Amino acid sequence: MDSASGGPSDPNSVGGEAPPAATGSATTTASASSSPAPPSRYESQKRRDWNTFLQYLKNHKPPLTLARCSGAHVIEFLKYLDQFGKTKVHNSGCPYFGHPNPPAPCACPLKQAWGSLDALIGRLRAAYEENGGRPESNPFGARAVRIYLREVREGQAKARGIPYEKKKRKRPSTVTVAGNVSVGSSSAAQQGGDAAAGGGDGAPTGQSTAAAAAAVTTTTAAV
């Protein structure tokens, strides 16, 4: 393992003071570790999306302020972004409508994919509240926006022949009682064996067997 100076450690050195270079290197390492970590890819993308939306409001005719922004304006923004989309969405009159892999190009427009719009709204919704917006007045969480996204998802699924399905959560596995019953049976057998080893007439043995059976029943019911 490397020492603080960045070079290999001396295997013959047992103790003593560290060389002067180690102090300077350790200080550099400490200052480097104390520097803030760069923003994640998600945070960087969220910041760019937020600045893009603010610029859209500024260029809107008439200009809009964030306080006056509603779900209808958010939908206008999503439609505005379609001109930069890269996903082919076939019109109903196109011969490739509903074809997931068209054999030839067509004149249908390119739009933003539903998945991209859905992720964008999620980032903008979080950025709105991080910049002082109230959750109850968040235009990105408006019901009209949710309806629009659902219509885009269903329309693109039909036009492209690609269904959008949500991933189903795995259900927790059920606990079987076979192991518990076998443990109870083993306990019953042990109790019966102890009673037989103790000797005596058949009455104690019968009582022990009945008690063991009751224990198995109780264990199964508890499970």
# chains A, B, ... in the order shown; residues from 1 in each chain; ligands from 1
$ residues_around --residues "Leu117 (chain A)" --least-positions-apart "6" --cutoff "10 Å" --atoms "only C-alpha atoms" --output "PDB file with N, CA, C and O atoms, in the first residue's frame"
ATOM      1  N   LEU A  78     -43.976  21.294 -23.831  1.00  0.00           N
ATOM      2  CA  LEU A  78     -43.702  19.929 -24.299  1.00  0.00           C
ATOM      3  C   LEU A  78     -43.937  19.815 -25.805  1.00  0.00           C
ATOM      4  O   LEU A  78     -43.163  19.137 -26.512  1.00  0.00           O
ATOM      5  N   LYS A  79     -44.977  20.463 -26.303  1.00  0.00           N
ATOM      6  CA  LYS A  79     -45.230  20.446 -27.747  1.00  0.00           C
ATOM      7  C   LYS A  79     -44.149  21.215 -28.507  1.00  0.00           C
ATOM      8  O   LYS A  79     -43.780  20.855 -29.625  1.00  0.00           O
ATOM      9  N   LEU A  81     -41.071  21.271 -27.705  1.00  0.00           N
ATOM     10  CA  LEU A  81     -39.888  20.419 -27.750  1.00  0.00           C
ATOM     11  C   LEU A  81     -39.966  19.347 -28.827  1.00  0.00           C
ATOM     12  O   LEU A  81     -38.948  18.739 -29.171  1.00  0.00           O
ATOM     13  N   ASP A  82     -41.165  19.086 -29.363  1.00  0.00           N
ATOM     14  CA  ASP A  82     -41.302  18.044 -30.388  1.00  0.00           C
ATOM     15  C   ASP A  82     -40.471  18.330 -31.625  1.00  0.00           C
ATOM     16  O   ASP A  82     -40.056  17.406 -32.327  1.00  0.00           O
ATOM     17  N   ARG A 123     -38.001  15.758 -13.649  1.00  0.00           N
ATOM     18  CA  ARG A 123     -36.892  16.630 -13.256  1.00  0.00           C
ATOM     19  C   ARG A 123     -37.359  18.069 -13.036  1.00  0.00           C
ATOM     20  O   ARG A 123     -36.945  18.732 -12.079  1.00  0.00           O
ATOM     21  N   LEU A 149     -49.534  13.452 -20.860  1.00  0.00           N
ATOM     22  CA  LEU A 149     -48.498  12.422 -20.949  1.00  0.00           C
ATOM     23  C   LEU A 149     -49.103  11.047 -21.195  1.00  0.00           C
ATOM     24  O   LEU A 149     -48.547  10.238 -21.946  1.00  0.00           O
ATOM     25  N   VAL A 152     -50.051  10.898 -24.853  1.00  0.00           N
ATOM     26  CA  VAL A 152     -48.855  10.739 -25.684  1.00  0.00           C
ATOM     27  C   VAL A 152     -48.364   9.295 -25.637  1.00  0.00           C
ATOM     28  O   VAL A 152     -48.003   8.708 -26.669  1.00  0.00           O
ATOM     29  N   ARG A 153     -48.368   8.709 -24.447  1.00  0.00           N
ATOM     30  CA  ARG A 153     -47.914   7.321 -24.314  1.00  0.00           C
ATOM     31  C   ARG A 153     -48.797   6.373 -25.120  1.00  0.00           C
ATOM     32  O   ARG A 153     -48.296   5.531 -25.861  1.00  0.00           O
TER      33      ARG A 153
END
$ closest_residue --among "A:Pro102, A:Pro109, A:Gly93, A:Gly115" --to "Arg150 (chain A)" --atoms "only C-alpha atoms"
A:Gly115
$ atom_distance --atom1 "CA of Asn91 (chain A)" --atom2 "CA of Val145 (chain A)"
22.6 Å
$ residues_around --residues "region 125-130 of chain A" --least-positions-apart "2" --cutoff "9 Å" --atoms "only C-alpha atoms" --output "PyMOL selection string"
chain A and resi 46-47+49-50+120-123+132-135+138-141
$ write_last_selection --atoms "C-alpha atoms" --output "short mmCIF file (atom, residue, chain, number, x, y, z; two decimals), in the first residue's frame"
data_model
loop_
_atom_site.label_atom_id
_atom_site.label_comp_id
_atom_site.auth_asym_id
_atom_site.auth_seq_id
_atom_site.Cartn_x
_atom_site.Cartn_y
_atom_site.Cartn_z
CA LYS A 46 -32.04 18.90 -14.16
CA ARG A 47 -30.24 22.25 -14.08
CA ASP A 49 -33.76 21.53 -18.21
CA TRP A 50 -34.71 24.19 -15.69
CA LEU A 120 -38.26 15.62 -18.19
CA ILE A 121 -41.43 16.44 -16.27
CA GLY A 122 -40.08 14.56 -13.26
CA ARG A 123 -36.89 16.63 -13.26
CA GLY A 132 -38.84 27.93 -3.92
CA GLY A 133 -42.04 26.78 -5.60
CA ARG A 134 -44.85 25.37 -3.47
CA PRO A 135 -45.82 21.74 -4.07
CA ASN A 138 -46.46 23.03 -8.99
CA PRO A 139 -47.56 23.32 -12.66
CA PHE A 140 -45.53 20.24 -13.64
CA GLY A 141 -47.68 18.11 -11.36
#
$ atom_distance --atom1 "CA of Gln112 (chain A)" --atom2 "CA of Thr52 (chain A)"
15.6 Å
$ residues_around --residues "Pro105 (chain A)" --least-positions-apart "6" --cutoff "12 Å" --atoms "only C-alpha atoms" --output "list in words"
Lys88, Val89, His90, Cys94, Pro95, Tyr96 and His99 of chain A
